Each structure stands twice: as C-alpha cells, then as structure tokens.
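A.B. asks: Okay, so here is coords_15.cif, and as you'll see once you scroll down, it has mmCIF, C-alpha atoms.
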```cif
data_start
loop_
_atom_site.label_atom_id
_atom_site.label_comp_id
_atom_site.auth_asym_id
_atom_site.auth_seq_id
_atom_site.Cartn_x
_atom_site.Cartn_y
_atom_site.Cartn_z
CA MET U 1 224.15 47.77 226.47
CA ALA U 2 225.23 50.58 228.73
CA GLU U 3 224.04 54.05 227.91
CA ASN U 4 227.02 56.07 226.72
CA PHE U 5 225.28 58.47 224.37
CA ARG U 6 222.28 60.70 224.81
CA PHE U 7 220.57 61.69 221.61
CA PRO U 8 219.47 65.34 221.59
CA ARG U 9 215.93 65.80 222.83
CA ILE U 10 213.57 66.39 219.95
CA PRO U 11 210.29 68.20 220.55
CA LEU U 12 207.30 65.92 219.99
CA TYR U 13 204.33 68.06 220.83
CA GLY U 14 203.64 71.69 221.49
CA PRO U 15 203.84 75.00 219.64
CA ALA U 16 207.02 74.02 217.80
CA VAL U 17 205.38 70.99 216.25
CA HIS U 18 203.06 71.49 213.27
CA ALA U 19 203.41 75.20 213.89
CA PHE U 20 201.22 76.36 211.04
CA SER U 21 197.87 77.59 212.26
CA ARG U 22 195.96 78.86 209.29
CA PRO U 23 192.23 78.38 209.74
CA SER U 24 190.64 75.27 208.35
CA PRO U 25 188.59 76.05 205.24
CA ARG U 26 184.93 75.20 205.11
CA LEU U 27 184.49 71.97 203.23
CA SER U 28 181.78 71.07 200.78
CA PRO U 29 179.15 68.74 202.29
CA ARG U 30 177.99 67.47 198.92
CA LEU U 31 179.96 64.25 198.51
CA SER U 32 179.10 61.36 200.82
CA ARG U 33 181.45 58.42 201.31
CA ARG U 34 179.08 56.36 199.13
CA SER U 35 179.54 58.90 196.35
CA LEU U 36 183.31 58.85 196.76
CA LEU U 37 183.39 55.07 196.60
CA ALA U 38 181.31 55.15 193.44
CA LEU U 39 183.61 57.74 191.88
CA ALA U 40 186.65 55.72 192.88
CA ALA U 41 185.41 52.86 190.74
CA THR U 42 185.54 55.02 187.62
CA GLY U 43 188.90 56.69 188.04
CA PRO U 44 191.59 57.88 190.47
CA LEU U 45 190.82 60.56 192.99
CA ALA U 46 192.99 63.13 194.63
CA ALA U 47 192.87 63.31 198.39
CA ALA U 48 189.54 65.10 198.39
CA PRO U 49 188.50 66.72 201.66
CA LEU U 50 185.57 65.07 203.35
CA ALA U 51 182.93 67.00 205.23
CA ALA U 52 179.89 66.53 207.38
CA ALA U 53 176.46 66.83 205.81
CA PRO U 54 173.08 67.32 207.51
CA ALA U 55 172.16 64.79 210.17
CA ALA U 56 171.06 61.37 208.94
CA ALA U 57 167.38 60.80 208.49
CA ALA U 58 165.63 58.24 210.64
CA SER U 59 165.57 55.79 207.72
CA ASP U 60 169.36 55.86 207.28
CA VAL U 61 171.36 53.00 208.75
CA VAL U 62 174.36 54.18 210.73
CA VAL U 63 177.44 52.05 211.38
CA GLY U 64 177.17 50.99 215.01
CA GLY U 65 173.59 52.14 215.52
CA ALA U 66 171.46 55.22 214.94
CA ARG U 67 171.99 56.64 218.43
CA LEU U 68 175.62 57.26 217.60
CA ILE U 69 174.63 60.23 215.45
CA ALA U 70 171.86 61.44 217.78
CA ASP U 71 172.23 64.82 219.42
CA GLY U 72 173.81 65.10 222.85
CA VAL U 73 175.36 62.56 225.21
CA GLN U 74 174.11 59.03 224.61
CA ALA U 75 173.86 56.74 227.66
CA ASN U 76 171.29 54.32 229.06
CA GLY U 77 171.37 53.85 232.83
CA GLY U 78 174.47 53.42 234.94
CA GLY U 79 174.17 56.82 236.60
CA ALA U 80 175.10 60.23 235.30
CA VAL U 81 177.99 60.39 232.84
CA PRO U 82 180.79 62.74 234.01
CA GLY U 83 179.46 66.25 233.56
CA LYS U 84 182.63 68.27 232.98
CA LEU U 85 183.70 66.75 229.68
CA THR U 86 184.79 69.35 227.13
CA ALA U 87 185.81 67.10 224.23
CA ARG U 88 184.25 67.71 220.83
CA ALA U 89 183.62 63.97 220.56
CA TRP U 90 184.15 60.85 222.67
CA LEU U 91 183.17 57.19 222.93
CA LEU U 92 183.39 54.52 225.64
CA ALA U 93 183.10 50.84 224.72
CA ASP U 94 183.64 47.34 226.08
CA GLN U 95 186.65 45.71 224.38
CA ASP U 96 185.31 42.16 224.42
CA SER U 97 181.63 42.63 223.60
CA GLY U 98 182.01 45.70 221.43
CA GLU U 99 179.09 47.36 223.23
CA VAL U 100 179.21 51.16 223.17
CA LEU U 101 178.35 52.16 226.74
CA ALA U 102 178.21 55.92 226.18
CA SER U 103 179.13 58.38 223.47
CA TYR U 104 179.01 61.96 222.29
CA ARG U 105 179.22 62.82 218.59
CA ALA U 106 180.77 59.42 217.90
CA HIS U 107 180.79 59.88 214.12
CA LEU U 108 181.94 63.50 214.02
CA ARG U 109 184.84 63.67 211.58
CA VAL U 110 187.83 65.58 212.88
CA ALA U 111 191.58 65.62 212.36
CA PRO U 112 192.93 62.55 214.21
CA ALA U 113 196.61 63.53 214.65
CA SER U 114 198.84 60.60 215.65
CA THR U 115 195.99 58.40 216.87
CA LEU U 116 195.76 57.44 213.19
CA LYS U 117 199.00 55.50 213.72
CA MET U 118 196.80 52.79 215.26
CA LEU U 119 195.42 52.11 211.78
CA PHE U 120 198.95 52.20 210.35
CA ALA U 121 200.03 49.58 212.89
CA ASP U 122 196.94 47.43 212.43
CA THR U 123 197.60 47.41 208.68
CA LEU U 124 201.37 46.73 208.68
CA LEU U 125 202.34 44.95 211.90
CA GLY U 126 202.22 41.47 210.39
CA ARG U 127 204.26 42.34 207.31
CA PHE U 128 207.72 42.01 208.85
CA GLU U 129 209.31 39.85 211.52
CA ARG U 130 210.31 41.73 214.66
CA THR U 131 213.94 40.66 214.22
CA GLU U 132 214.22 41.77 210.58
CA ARG U 133 216.94 44.40 210.14
CA HIS U 134 216.92 47.43 207.87
CA LEU U 135 219.75 49.82 207.02
CA VAL U 136 218.16 53.25 206.77
CA THR U 137 219.14 55.42 203.82
CA ASP U 138 218.67 59.11 203.09
CA ALA U 139 215.96 58.13 200.60
CA ASP U 140 214.04 56.39 203.39
CA LEU U 141 213.81 59.67 205.29
CA ALA U 142 213.11 61.96 202.34
CA GLY U 143 209.83 63.85 202.33
CA ILE U 144 208.98 63.75 206.03
CA PRO U 145 206.81 66.85 206.61
CA SER U 146 208.57 69.70 208.36
CA GLY U 147 207.76 69.91 212.07
CA SER U 148 206.94 66.21 212.40
CA SER U 149 207.31 64.40 215.69
CA LEU U 150 210.49 62.30 215.47
CA VAL U 151 212.10 59.48 217.43
CA GLY U 152 215.55 60.10 215.94
CA VAL U 153 215.96 57.60 213.09
CA ARG U 154 219.20 58.34 211.21
CA ALA U 155 220.51 57.30 207.82
CA GLY U 156 223.42 54.86 207.99
CA ILE U 157 222.14 53.05 211.09
CA THR U 158 220.62 49.57 211.00
CA TYR U 159 217.40 49.10 212.99
CA THR U 160 215.32 46.06 213.75
CA VAL U 161 211.64 46.15 212.89
CA GLU U 162 210.91 45.92 216.61
CA GLN U 163 212.93 49.10 217.26
CA LEU U 164 211.12 50.95 214.49
CA TRP U 165 207.74 49.97 215.93
CA GLN U 166 208.89 51.12 219.35
CA GLY U 167 209.69 54.45 217.73
CA VAL U 168 206.17 54.58 216.32
CA PHE U 169 204.31 53.63 219.51
CA LEU U 170 206.46 55.22 222.20
CA ARG U 171 207.60 58.46 220.58
CA SER U 172 205.05 58.77 217.78
CA GLY U 173 207.98 59.04 215.39
CA ASN U 174 206.98 60.04 211.88
CA ASP U 175 210.51 59.12 210.82
CA ALA U 176 209.93 55.53 211.98
CA VAL U 177 206.56 55.51 210.18
CA GLN U 178 208.24 56.70 207.00
CA VAL U 179 210.89 53.96 207.09
CA LEU U 180 208.32 51.22 207.68
CA ALA U 181 206.13 52.61 204.90
CA ARG U 182 209.12 52.57 202.52
CA MET U 183 209.88 49.00 203.53
CA ASN U 184 206.24 48.22 202.68
CA GLY U 185 206.64 49.52 199.13
CA GLY U 186 206.21 53.23 199.61
CA VAL U 187 204.02 55.86 201.23
CA ALA U 188 201.35 55.88 198.52
CA LYS U 189 200.97 52.09 198.63
CA THR U 190 200.76 52.17 202.42
CA VAL U 191 198.11 54.92 202.38
CA ALA U 192 196.03 52.86 199.93
CA GLU U 193 196.33 49.76 202.10
CA MET U 194 195.37 51.72 205.22
CA GLN U 195 192.29 53.08 203.47
CA ALA U 196 191.34 49.59 202.31
CA ARG U 197 191.85 48.36 205.87
CA ALA U 198 189.58 51.12 207.20
CA VAL U 199 186.88 50.06 204.72
CA ASP U 200 187.29 46.43 205.79
CA LEU U 201 186.91 47.47 209.43
CA GLN U 202 183.83 49.51 208.42
CA ALA U 203 185.55 52.64 209.68
CA LEU U 204 183.83 54.73 207.02
CA ASP U 205 184.39 58.12 208.66
CA THR U 206 188.13 57.77 208.04
CA HIS U 207 189.97 59.31 205.10
CA VAL U 208 193.70 58.56 205.04
CA VAL U 209 196.13 61.00 203.42
CA SER U 210 199.36 60.08 205.21
CA PRO U 211 200.34 57.06 207.33
CA ASP U 212 201.33 59.11 210.39
CA GLY U 213 198.28 61.28 211.10
CA TYR U 214 200.11 64.52 210.32
CA ASP U 215 197.97 67.51 209.38
CA HIS U 216 196.99 67.17 205.73
CA GLU U 217 193.95 68.49 203.91
CA GLY U 218 191.16 65.95 204.19
CA GLN U 219 192.83 63.65 206.74
CA LEU U 220 189.91 62.80 209.00
CA SER U 221 188.57 60.16 211.37
CA SER U 222 186.09 59.92 214.24
CA ALA U 223 185.87 58.71 217.82
CA TYR U 224 183.97 55.66 216.56
CA ASP U 225 186.56 54.73 213.94
CA LEU U 226 189.57 55.30 216.19
CA THR U 227 187.98 53.03 218.80
CA LEU U 228 187.49 50.40 216.09
CA PHE U 229 191.20 50.60 215.25
CA ALA U 230 192.20 50.27 218.90
CA ARG U 231 189.84 47.38 219.57
CA HIS U 232 191.03 45.44 216.55
CA GLY U 233 194.68 46.23 217.18
CA LEU U 234 194.55 45.14 220.81
CA ARG U 235 193.66 41.63 219.68
CA ASP U 236 197.17 41.36 218.26
CA ALA U 237 199.89 40.44 220.74
CA ASP U 238 202.54 42.69 219.18
CA PHE U 239 200.23 45.70 218.98
CA ARG U 240 199.27 45.23 222.61
CA ALA U 241 202.87 44.80 223.72
CA TYR U 242 204.14 47.86 221.85
CA CYS U 243 201.41 50.23 223.02
CA GLY U 244 201.92 49.10 226.63
CA THR U 245 205.71 49.55 226.62
CA ARG U 246 206.76 52.34 228.96
CA ALA U 247 210.40 52.72 227.87
CA ALA U 248 212.96 51.18 225.52
CA ARG U 249 216.52 51.62 224.24
CA PHE U 250 216.87 53.10 220.75
CA PRO U 251 219.96 52.89 218.50
CA ALA U 252 222.13 55.99 218.19
CA GLY U 253 224.85 54.47 216.00
CA GLY U 254 228.27 53.13 216.81
CA GLY U 255 226.84 50.61 219.26
CA LYS U 256 225.36 53.39 221.38
CA THR U 257 221.75 53.77 222.48
CA PHE U 258 219.49 56.31 224.11
CA ARG U 259 216.33 55.91 226.17
CA ILE U 260 212.89 56.60 224.75
CA GLU U 261 209.74 56.79 226.87
CA ASN U 262 206.08 56.43 226.00
CA THR U 263 204.30 59.76 225.51
CA ASP U 264 201.00 58.26 226.78
CA ARG U 265 200.71 60.08 230.10
CA LEU U 266 198.14 57.68 231.56
CA LEU U 267 200.84 55.04 231.12
CA SER U 268 203.93 57.05 232.09
CA GLY U 269 202.51 59.43 234.69
CA ALA U 270 204.45 62.31 233.12
CA TYR U 271 203.58 66.01 233.45
CA GLY U 272 201.49 65.59 236.58
CA VAL U 273 199.09 62.96 235.21
CA THR U 274 198.33 60.12 237.61
CA PRO U 275 199.00 56.74 235.93
CA TYR U 276 195.70 54.95 235.43
CA PRO U 277 195.36 51.59 237.23
CA GLY U 278 195.29 48.72 234.75
CA VAL U 279 196.10 50.88 231.72
CA ILE U 280 197.24 48.94 228.62
CA GLY U 281 197.78 51.77 226.08
CA VAL U 282 196.83 52.78 223.38
CA LYS U 283 197.85 55.96 221.42
CA ASN U 284 197.89 59.71 221.87
CA GLY U 285 198.25 62.54 219.38
CA PHE U 286 198.61 66.27 219.09
CA THR U 287 199.04 68.87 216.37
CA SER U 288 198.41 72.59 216.41
CA ASN U 289 195.57 72.11 213.96
CA ALA U 290 194.03 68.97 215.45
CA GLY U 291 194.48 69.66 219.15
CA ASN U 292 194.81 66.75 221.56
CA THR U 293 193.49 63.30 220.68
CA PHE U 294 193.72 60.06 222.62
CA THR U 295 192.48 56.49 222.62
CA GLY U 296 193.15 54.61 225.85
CA ALA U 297 192.31 51.18 227.23
CA ALA U 298 192.42 49.70 230.72
CA THR U 299 191.53 46.41 232.39
CA ARG U 300 189.93 45.98 235.80
CA ALA U 301 188.44 42.85 237.36
CA GLY U 302 188.73 41.03 234.05
CA ARG U 303 186.93 43.69 232.04
CA THR U 304 188.65 45.87 229.43
CA LEU U 305 187.23 49.24 228.37
CA VAL U 306 188.36 51.39 225.46
CA VAL U 307 187.86 55.17 225.32
CA THR U 308 188.51 57.72 222.61
CA VAL U 309 188.52 61.43 223.50
CA LEU U 310 188.98 64.05 220.78
CA HIS U 311 189.79 67.73 221.00
CA PRO U 312 189.02 68.83 224.59
CA LYS U 313 188.84 72.59 224.92
CA SER U 314 192.06 73.30 226.74
CA GLY U 315 195.14 71.84 228.38
CA HIS U 316 197.45 69.07 227.26
CA ASN U 317 196.36 66.97 230.26
CA ALA U 318 192.63 67.40 229.66
CA VAL U 319 192.51 64.58 227.13
CA TYR U 320 193.93 62.19 229.74
CA GLU U 321 191.79 63.51 232.58
CA GLU U 322 188.60 63.13 230.55
CA THR U 323 189.64 59.65 229.44
CA ALA U 324 190.25 58.66 233.07
CA ALA U 325 186.86 60.07 234.10
CA LEU U 326 185.09 58.01 231.44
CA LEU U 327 187.01 54.88 232.39
CA ASP U 328 186.09 55.42 236.04
CA TRP U 329 182.43 55.74 235.08
CA GLY U 330 182.60 52.68 232.88
CA PHE U 331 184.16 50.46 235.53
CA ALA U 332 181.88 51.74 238.30
CA GLN U 333 178.60 52.14 236.44
CA GLY U 334 179.04 50.56 233.02
CA GLY U 335 177.94 47.13 234.20
CA SER U 336 174.41 48.41 234.69
CA ALA U 337 174.39 50.58 231.57
CA ARG U 338 172.55 49.35 228.51
CA PRO U 339 174.48 49.76 225.26
CA VAL U 340 173.69 52.67 222.95
CA GLY U 341 175.46 51.10 219.99
CA THR U 342 178.08 48.57 219.01
CA LEU U 343 181.56 48.39 217.52
CA VAL U 344 181.15 46.38 214.34
CA GLU U 345 183.47 43.58 213.22
CA ALA U 346 185.75 43.57 210.19
CA LEU U 347 184.11 42.34 207.00
CA SER U 348 187.06 40.04 206.27
CA GLU U 349 186.60 38.41 209.67
CA GLY U 350 182.91 37.63 209.35
CA GLY U 351 181.43 40.98 210.32
CA ALA U 352 178.02 41.83 208.89
CA ARG U 353 178.10 44.72 206.46
CA ALA U 354 176.22 47.73 207.79
CA GLY U 355 173.20 48.56 205.68
CA GLY U 356 174.42 52.12 205.34
CA SER U 357 177.06 54.35 206.78
CA SER U 358 177.52 57.51 208.70
CA ALA U 359 179.89 58.76 206.03
CA GLY U 360 178.75 62.14 204.86
CA LYS U 361 176.30 62.42 207.75
CA ALA U 362 176.84 64.84 210.58
CA PRO U 363 176.60 63.31 214.06
CA HIS U 364 175.21 66.55 215.39
CA ALA U 365 172.85 68.83 213.51
CA GLY U 366 174.78 71.69 211.98
CA ALA U 367 178.17 70.30 213.01
CA GLU U 368 181.08 70.59 210.62
CA THR U 369 184.29 68.66 210.34
CA SER U 370 187.75 70.01 210.91
CA SER U 371 190.00 69.84 207.89
CA SER U 372 193.75 69.61 208.03
CA ALA U 373 195.99 72.01 206.16
CA GLY U 374 199.13 71.51 204.18
CA ALA U 375 199.25 68.42 201.98
CA GLY U 376 202.74 67.02 202.06
CA PRO U 377 205.22 65.97 199.39
CA ASP U 378 206.38 62.59 198.13
CA GLY U 379 202.98 60.99 197.71
CA TRP U 380 201.68 61.71 201.21
CA GLY U 381 198.67 63.55 199.83
CA ALA U 382 198.60 62.19 196.31
CA LEU U 383 196.54 59.05 196.72
CA GLY U 384 194.21 59.49 199.67
CA GLY U 385 191.43 56.94 199.96
CA ALA U 386 190.87 56.37 196.28
CA ALA U 387 193.26 53.51 195.67
CA GLY U 388 192.01 51.59 198.69
CA ALA U 389 188.43 52.12 197.61
CA VAL U 390 189.26 51.02 194.08
CA ALA U 391 190.89 47.87 195.42
CA VAL U 392 187.78 47.05 197.44
CA LEU U 393 185.37 47.84 194.63
CA ALA U 394 187.43 45.83 192.17
CA GLY U 395 186.70 42.79 194.28
CA GLY U 396 190.22 42.25 195.52
CA THR U 397 190.38 40.15 198.64
CA TYR U 398 191.94 41.88 201.59
CA ALA U 399 194.80 39.69 202.78
CA LEU U 400 194.38 38.85 206.41
CA ARG U 401 197.65 39.20 208.18
CA ARG U 402 198.96 36.58 210.52
CA ARG U 403 197.44 36.97 213.97
CA ARG U 404 199.22 36.05 217.15
CA SER U 405 197.55 34.99 220.35
CA VAL U 406 196.83 37.89 222.67
CA GLU U 407 199.09 38.10 225.67
CA ALA U 408 197.87 38.97 229.12
CA PRO U 409 197.79 42.72 229.80
CA PRO U 410 200.77 44.12 231.68
CA ALA U 411 200.44 44.34 235.43
CA SER U 412 199.22 47.67 236.76
#
```
Can you present the structure in this file as structure tokens?
C.D. replies:
Amino acid sequence: MAENFRFPRIPLYGPAVHAFSRPSPRLSPRLSRRSLLALAATGPLAAAPLAAAPAAAASDVVVGGARLIADGVQANGGGAVPGKLTARAWLLADQDSGEVLASYRAHLRVAPASTLKMLFADTLLGRFERTERHLVTDADLAGIPSGSSLVGVRAGITYTVEQLWQGVFLRSGNDAVQVLARMNGGVAKTVAEMQARAVDLQALDTHVVSPDGYDHEGQLSSAYDLTLFARHGLRDADFRAYCGTRAARFPAGGGKTFRIENTDRLLSGAYGVTPYPGVIGVKNGFTSNAGNTFTGAATRAGRTLVVTVLHPKSGHNAVYEETAALLDWGFAQGGSARPVGTLVEALSEGGARAGGSSAGKAPHAGAETSSSAGAGPDGWGALGGAAGAVAVLAGGTYALRRRRSVEAPPAS
C-alpha cells in the first residue's frame, strides 16, 4: 500500500517523555521476596515497593550463583573486561548454554523502563494469532499514563495482532501494550500473569506494576532478570522476528499507513550509532526516572550472546556503546572465559528450583534500589505482584503457551 499519509511524529524518549523528576524515596529493606510471597498467600497486596537489603550471607543460595551478588566486576579469564563501563549494572551471557560470562551487580534492582516489555511479550505472544483483527475503542486506550511513548494507535481503526506487536517492539508503544492487555482481559489480569511468569522464570528480582515498564512506584527488575526474559523470548520465532524488525507500515485509518522504525539503535544505526554486526534485537528503554536501559543480542560464527546494560551515567548512546563493547569482548575473549554464573531455566519447562533467591538481597554492599514514582490509574498499580504470587502459591499450573520453532537470525 502506497504511503499517502504521514502520522505526526510522536516523541518516544527524551525530556518530554515521563517528564516528572521527583527524587525516588528511600525504600524499606525489611521485606524480602520470600516474605512477600508468604504474605501473598494470606491476602491481597498493593503494589508494595521492593528494596535491596544487606548483601547475602555466604550460606544464602542466589539465583544463578553466588558470584552474581559479589562485589565488583565478575569475570574469570578471557582477558580484561572493558574498563570504561559506567552502567550501574550489566550482564553478559551465552544464549544457548546460559553461562554468564561476566557481570556487574547482576541482581541490583532498578527501574527497568521499556525493557520490561520483553516480559510482557514473553507472557502474551502466544495468546492471539498474528492475523486476528481488533477494532480499537476509546475504552481500550483509557488510562494510558500521561507522557507515555506511543506508536499512534487510534480508536475506530482495526489493527491486526501482528501490527500491534510491531507497535510494541519497534516503537515501544504503550498504547499498543494497553490494547493487547485489554484484549487479554485487562491490565490487572495481565500484570498478574506477568508476575506469575517472572516467578516461573525464576526472575525473582522483578516486581511488575504495569505491563509497559512505565515509571510506577515499586516497578523493578535487574540485569539478571531482564537477560532471562530476553533469552527465553528469543526461543520463540515471533518474539525473535518482531525484535529484529527494522521497519514496518502501521495503519493510519482510511486505508492509509505510515512508516515506523525500530528504536533499537544497534539495529537501526540511528543517531550516530554504528549498527552492530549480527545483531538480532532485543529491547531498549528510557524514562526520566529510570535512565537508559537495554538488552541486546547478536550472533557471530554460530554463537549468540545476550547483554543487558542498565543506567549508564550519561548520554543516550552510552547504553548501546557499552553493550557493543561487552559483545565485542564476549565474541573475542568469551570462549576462553570460565562462567561466573548461569541463567536458570523456567520451572514449568523442567528448570531446577533455586534453593534460595537474591530477592531482598543487595548485589553490592550498601547498594539501594531505584524506585519509580507515580502509580498510574485504571489498575496499573493496583495489583502488582500479589495476584501472580497468589496464583503460584495456590498451586495453579502455569499454562505453557504454544511455542514455535526458532527461525534463523536475520542476516547482518
């Protein structure tokens, strides 16, 4: 279909997006994730903020291995890890083996921004056929937090599920997330299912308040958990195809379309970033409160590496530059590096349950988490992780969604 309409450009990232900047309050370190799960069994919880506690004792079992909460950069052999990394936390792992090749504060809980959409996608992708069509209503779009990143979904236009997912992956559209969540039975139900999915994946640093990663009080994840989401998602053919799509046509109504492009700069090469050879996605994020976040994956010589970089000190390109530096190290030196930990498997897929968790444990002595301000309306902050935890504790079986065979990565 020829382009005969250009939808107005909508700001996705930058000062105009999530413009509030009030300081994050200090959060109580008293409740561990174990405590929250126990409380969830006795009654509903609000979206309670989660916080880091003192570093885990030597006897504690940490998801992925004890070194992932040890102080400083963790690496064994393979030469010196890039020395100019400024991120508050990062992790580099092998996609196939799950070996963590190097890390820094892997379990530090911070605001994830739109990288949390990886968990949203991993939870919901199998629920609807790509060709299913949905006529968007005003009710579908009600309650989207002010300042959200948008792809341009409009009431009165019919979209395919594929187009909505393109809006999620390429433009990080919270409007597309909202519509898919409504199709799934509502925002609160989707949040509960995402939290249950995180528990199943043993991503116990993650507390879900909204499906889109927007800044909400208590919405937290970690470099370890985000890498788990990416690794698991990349096993799904649709997930892999969407996150690797560079551009697509999006409906504008009346048979017209406009072009949308992927905001992953390692994929697109936008804003002066050199496209990374062999890149296959995955998801970036930014809010004023969270800063820049990114999980990226690339394949070289038959090996796929996954990197998560959270909150570098400055510059919108720094998150991509530091990701590229870690990928370069991994491909050049990672073969001789001995793992410092492992990405665990989902419980519902045969993964062994970790004997303990990093939840409530600081990955770095004295470190604190970042909280996110401004709980949103319409159920976005009303349920948090409690319902998902209740579902797990009640013994409900997590329904495994239909998996498709993984397609070959796109050519570099």
A.B. asks: Name the residues that the PyMOL selection byres ((chain U and resi 227-234) around 8) pulls out of this structure, and write them as an MDAnalysis selection string.
C.D. replies: chainID U and resid 91 93 95 118:119 121:122 201 203 223:226 235:237 239:240 282 295 306:308 343:344 406
A.B. asks: Step by step, work through what the PyMOL selection byres ((chain U and resi 247) around 10) selects in the shown file, and finish by giving those residues as a count of residues only.
C.D. replies: 16
A.B. asks: Neighbours of Leu68 in chain U within 8 Å (all atoms listed in the file; same-chain residues fewer than 2 positions away dropped), as a PyMOL selection string?
C.D. replies: chain U and resi 62+64-66+70+74+103-107+340-341+363
A.B. asks: Go ahead and dump the residues you just picked, C-alpha atoms, as a PDB file, in the frame of the given file.
C.D. replies:
```
ATOM      1  CA  VAL U  62     174.360  54.180 210.730  1.00  0.00           C
ATOM      2  CA  GLY U  64     177.170  50.990 215.010  1.00  0.00           C
ATOM      3  CA  GLY U  65     173.590  52.140 215.520  1.00  0.00           C
ATOM      4  CA  ALA U  66     171.460  55.220 214.940  1.00  0.00           C
ATOM      5  CA  ALA U  70     171.860  61.440 217.780  1.00  0.00           C
ATOM      6  CA  GLN U  74     174.110  59.030 224.610  1.00  0.00           C
ATOM      7  CA  SER U 103     179.130  58.380 223.470  1.00  0.00           C
ATOM      8  CA  TYR U 104     179.010  61.960 222.290  1.00  0.00           C
ATOM      9  CA  ARG U 105     179.220  62.820 218.590  1.00  0.00           C
ATOM     10  CA  ALA U 106     180.770  59.420 217.900  1.00  0.00           C
ATOM     11  CA  HIS U 107     180.790  59.880 214.120  1.00  0.00           C
ATOM     12  CA  VAL U 340     173.690  52.670 222.950  1.00  0.00           C
ATOM     13  CA  GLY U 341     175.460  51.100 219.990  1.00  0.00           C
ATOM     14  CA  PRO U 363     176.600  63.310 214.060  1.00  0.00           C
TER      15      PRO U 363
END
```
A.B. asks: Once the PyMOL selection byres ((chain U and resi 327) around 12) has been evaluated on this model, what residues remain selected, and can you format them as a count of residues only?
C.D. replies: 41
A.B. asks: To one decimal place in Å, what is the distance between CA of Ser146 in chain U and CA of His216 in chain U?
C.D. replies: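 If I compute the distance from CA of Ser146 in chain U to CA of His216 in chain U, I get 12.1 Å.
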A.B. asks: Quick check, in Å to one decimal: how far apart do CA of Thr190 in chain U and CA of Leu125 in chain U lie?
C.D. replies: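 Computing it gives 12.0 Å between the two atoms.
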A.B. asks: Grab the CA of Met194 in chain U to CA of Gly152 in chain U distance for me, in Å with one decimal place.
C.D. replies: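 Rounded to one decimal, the two atoms are 24.3 Å apart.
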A.B. asks: Excluding same-chain residues fewer than 5 positions from Thr115 in chain U, what lies within 8 Å of it counting all atoms listed in the file, as a tab-separated table (two decimals) with C-alpha atoms, in the frame of the given file?
C.D. replies:
```
chain	number	residue	atom	x	y	z
U	213	GLY	CA	198.28	61.28	211.10
U	226	LEU	CA	189.57	55.30	216.19
U	283	LYS	CA	197.85	55.96	221.42
U	284	ASN	CA	197.89	59.71	221.87
U	285	GLY	CA	198.25	62.54	219.38
U	293	THR	CA	193.49	63.30	220.68
U	294	PHE	CA	193.72	60.06	222.62
U	295	THR	CA	192.48	56.49	222.62
```
A.B. asks: Rank nothing, just name the residue among U:Ala241, U:Leu310, U:Gln219, U:Asn317 nearest to Pro275 in chain U, using only C-alpha atoms.
C.D. replies: U:Asn317
A.B. asks: Could you check the closest approach to Cys243 in chain U for each of U:Val199, U:Val168, U:Ala337, U:Val187 and tell me which residue wins, using all atoms listed in the file?
C.D. replies: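 Nearest candidate to Cys243 in chain U out of U:Val199, U:Val168, U:Ala337, U:Val187: U:Val168.
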A.B. asks: Can you work out which one of U:Glu345, U:Asp138, U:Asp175, U:Asp264 has the shortest atom-to-atom distance to Val151 in chain U, counting only C-alpha atoms?
C.D. replies: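 Result for the nearest residue to Val151 in chain U: U:Asp175.
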